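Participant: Handing you a structure now.
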Amino acid sequence: MKKIMLTLLTGLMAVALVACGGNEEGKEDKNDNKAKTEEQQKEQEKQMEEMQKKLDAQHVDEKKTVAIVNDNEILGSDYNSTLASIQQQMLQMGQDPTSKEALEQVKDQTIDSLVGQTLLLQDADKKGYKASEADIKKQLDEMKKQFETEKEFEDVLKESGMNMKTFETQIADNIKLEQYVEKEVPTSQITDKEIEKTYKQLSEQGKSTGQEVPKLEEVKPQIEQSLKQQKQQEKIAQQVDELKKNANIDIKI
């Protein structure tokens, strides 16, 4: 559920990972100058800067209304946060989110994600789901543990374009969405037959590429979790489609 809904939180973590990655690379350079030449480092930095400029170019004005869902405005600031998360996911998968072919796909995916989350959250509010202060604090503390100091957390938060109040609101929304999906969109149990079928497919793919295939017992938990997530994503998409039938949605970009 967290992987599906926490676009803004994962966006924040993406910023943190980039920062941490930069620090680790710095340590590696000091410890092993033979690994990368100064020229290679400069070229890599240049490529990263150019990519970041292309990523930033896809952002919109933070105050711009990008969509209206049942009289709820979705602002550019929300769009940019979700966009950044989707961009990072594509980069991690080896895809270029700035390519000509990907531009419309990235925009549509970002809007769809925001509209879907808004509809689900509206339905969650309508049905009385709430996030307690204790739950908000617990999740906030867990996020802070990812950082060495409070200042580092606050710096990354600021870099992501959010203040603490906005971030706590996003945490509260996430908690409500988790509660909502657990009760309103429950997933069915994964059968051994489904796991075995998936394992067989993975085994065939592995053998065709010459990769060693681990035993079923070793990967069964991961396969089961992956199948659960797939089913949950499908059911959430169905729920969003149902909510769209009676919703007023106006896309502005």
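Scheme for the structure tokens: letters A, B, ... for chains in order shown; per-chain residue numbers from 1; ligand numbers from 1 in order shown.
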Just the helix (DSSP H, G or I) stuff from range 12-220 of chain A, please, per backbone DSSP, written as a VMD selection string.
Facilitator: chain A and resid 12 to 31 38 to 57 76 to 92 100 to 126 133 to 144 150 to 159 164 to 184 192 to 208 216 to 220
Participant: Within 9 Å of range 237-243 of chain A, counting only C-alpha atoms, which residues show up once you throw out same-chain ones fewer than 2 positions away? Write them as JSON, numbers by chain, please.
Facilitator: {"A": [115, 116, 117, 119, 120, 123, 184, 185, 232, 233, 234, 235, 245, 246, 247]}
Participant: To test your reading of the structure, identify every residue in range 3-250 of chain A that backbone DSSP assigns to strand (DSSP E), and report it as a VMD selection string.
Facilitator: chain A and resid 65 to 69 72 to 75 249 to 250
Participant: Would you mind exporting N, CA and C atoms of the selected residues as a PDB file, in the first residue's frame?
Facilitator:
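Now in selection-v3.pdb:
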ATOM      1  N   THR A  65      -3.399  25.752 -10.987  1.00  0.00           N
ATOM      2  CA  THR A  65      -4.367  24.679 -10.795  1.00  0.00           C
ATOM      3  C   THR A  65      -4.245  23.714 -11.961  1.00  0.00           C
ATOM      4  N   VAL A  66      -3.823  22.481 -11.684  1.00  0.00           N
ATOM      5  CA  VAL A  66      -3.613  21.506 -12.762  1.00  0.00           C
ATOM      6  C   VAL A  66      -4.855  20.646 -12.993  1.00  0.00           C
ATOM      7  N   ALA A  67      -5.705  20.547 -11.973  1.00  0.00           N
ATOM      8  CA  ALA A  67      -6.943  19.773 -12.117  1.00  0.00           C
ATOM      9  C   ALA A  67      -7.903  20.134 -10.992  1.00  0.00           C
ATOM     10  N   ILE A  68      -9.207  19.939 -11.261  1.00  0.00           N
ATOM     11  CA  ILE A  68     -10.235  20.127 -10.238  1.00  0.00           C
ATOM     12  C   ILE A  68     -11.039  18.833 -10.158  1.00  0.00           C
ATOM     13  N   VAL A  69     -11.088  18.266  -8.963  1.00  0.00           N
ATOM     14  CA  VAL A  69     -11.797  17.004  -8.743  1.00  0.00           C
ATOM     15  C   VAL A  69     -12.893  17.241  -7.706  1.00  0.00           C
ATOM     16  N   ASN A  72     -12.388  20.138  -5.617  1.00  0.00           N
ATOM     17  CA  ASN A  72     -11.084  20.124  -4.952  1.00  0.00           C
ATOM     18  C   ASN A  72     -10.005  20.477  -5.961  1.00  0.00           C
ATOM     19  N   GLU A  73      -9.263  21.545  -5.694  1.00  0.00           N
ATOM     20  CA  GLU A  73      -8.201  21.946  -6.607  1.00  0.00           C
ATOM     21  C   GLU A  73      -6.919  21.158  -6.335  1.00  0.00           C
ATOM     22  N   ILE A  74      -6.279  20.706  -7.408  1.00  0.00           N
ATOM     23  CA  ILE A  74      -4.960  20.090  -7.311  1.00  0.00           C
ATOM     24  C   ILE A  74      -3.971  21.100  -7.867  1.00  0.00           C
ATOM     25  N   LEU A  75      -3.023  21.516  -7.041  1.00  0.00           N
ATOM     26  CA  LEU A  75      -2.102  22.581  -7.422  1.00  0.00           C
ATOM     27  C   LEU A  75      -0.814  22.036  -8.042  1.00  0.00           C
ATOM     28  N   ILE A 249     -14.501  15.891 -12.982  1.00  0.00           N
ATOM     29  CA  ILE A 249     -13.045  16.011 -13.122  1.00  0.00           C
ATOM     30  C   ILE A 249     -12.733  16.950 -14.279  1.00  0.00           C
ATOM     31  N   ASP A 250     -11.950  17.986 -13.963  1.00  0.00           N
ATOM     32  CA  ASP A 250     -11.573  18.988 -14.968  1.00  0.00           C
ATOM     33  C   ASP A 250     -10.052  19.101 -14.981  1.00  0.00           C
TER      34      ASP A 250
END
Participant: For Pro186 in chain A, find every residue with an atom within 10 Å (counting only C-alpha atoms), except residues of its own chain fewer than 2 positions away, and show them as a PyMOL selection string.
Facilitator: chain A and resi 180-184+188-189+231-232+235-236
Participant: Write out the residues from the selection above, keeping C-alpha atoms, as a compact mmCIF listing (two decimals), in the first residue's frame.
Facilitator:
# COMPACT_ATOMS: atom_id res chain seq x y z
CA TYR A 180 -9.50 3.01 3.60
CA VAL A 181 -7.84 0.51 1.26
CA GLU A 182 -7.54 -2.10 4.00
CA LYS A 183 -11.28 -1.94 4.71
CA GLU A 184 -12.81 -0.90 1.40
CA SER A 188 -7.83 -11.91 -1.69
CA GLN A 189 -5.34 -14.51 -0.51
CA LYS A 231 -3.87 -7.59 -7.08
CA GLN A 232 -4.18 -4.60 -4.78
CA LYS A 235 -8.52 -3.46 -7.22
CA ILE A 236 -7.56 0.12 -6.38
Participant: Using only C-alpha atoms, can you tell me which of A:Asn70, A:Ser113, A:Gln52, A:Gln122 comes closest to Leu91 in chain A?
Facilitator: A:Gln52
Participant: Neighbours of range 96-106 of chain A within 9 Å (only C-alpha atoms; same-chain residues fewer than 4 positions away dropped), as a list in words?
Facilitator: Met51, Lys54, Leu55, Ala57, Gln58, Leu83, Ile86, Gln87, Gln88, Met90, Leu91, Thr110 and Ile111 of chain A
Participant: Which residues, written as a list in words, have at least one atom at most 6 Å from range 126-137 of chain A, with only C-alpha atoms counted and residues fewer than 6 positions away on the same chain left out?
Facilitator: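 So, after excluding close chain neighbours, the residues are Ala172, Ile175 and Lys176 of chain A.
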Participant: What is the distance, in Å and to one decimal place, between CA of Asn248 in chain A and CA of Ala84 in chain A?
Facilitator: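 For CA of Asn248 in chain A relative to CA of Ala84 in chain A, the distance reads 26.3 Å.
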Participant: Just the number, please: distance in Å from CA of Lys63 in chain A to CA of Lys107 in chain A, one decimal.
Facilitator: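 These two atoms are separated by 17.2 Å.
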Participant: Find the residues near Pro214 in chain A: any atom within 10 Å, counting only C-alpha atoms, skip ones fewer than 5 places away on the same chain, and give them as a list in words.
Facilitator: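 My list of contacting residues is Tyr199, Ser203, Gly206 and Val219 of chain A.
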Participant: Enter the distance from CA of Met143 in chain A to CA of Ser81 in chain A, in Å, rounded to one decimal.
Facilitator: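 These atoms are spaced 16.9 Å apart.
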Participant: Can you list, as an MDAnalysis selection string, every protein, DNA or RNA residue that comes within 12 Å of Leu216 in chain A when you count only C-alpha atoms, leaving out same-chain residues fewer than 4 positions away?
Facilitator: chainID A and resid 192 195:203 220:224
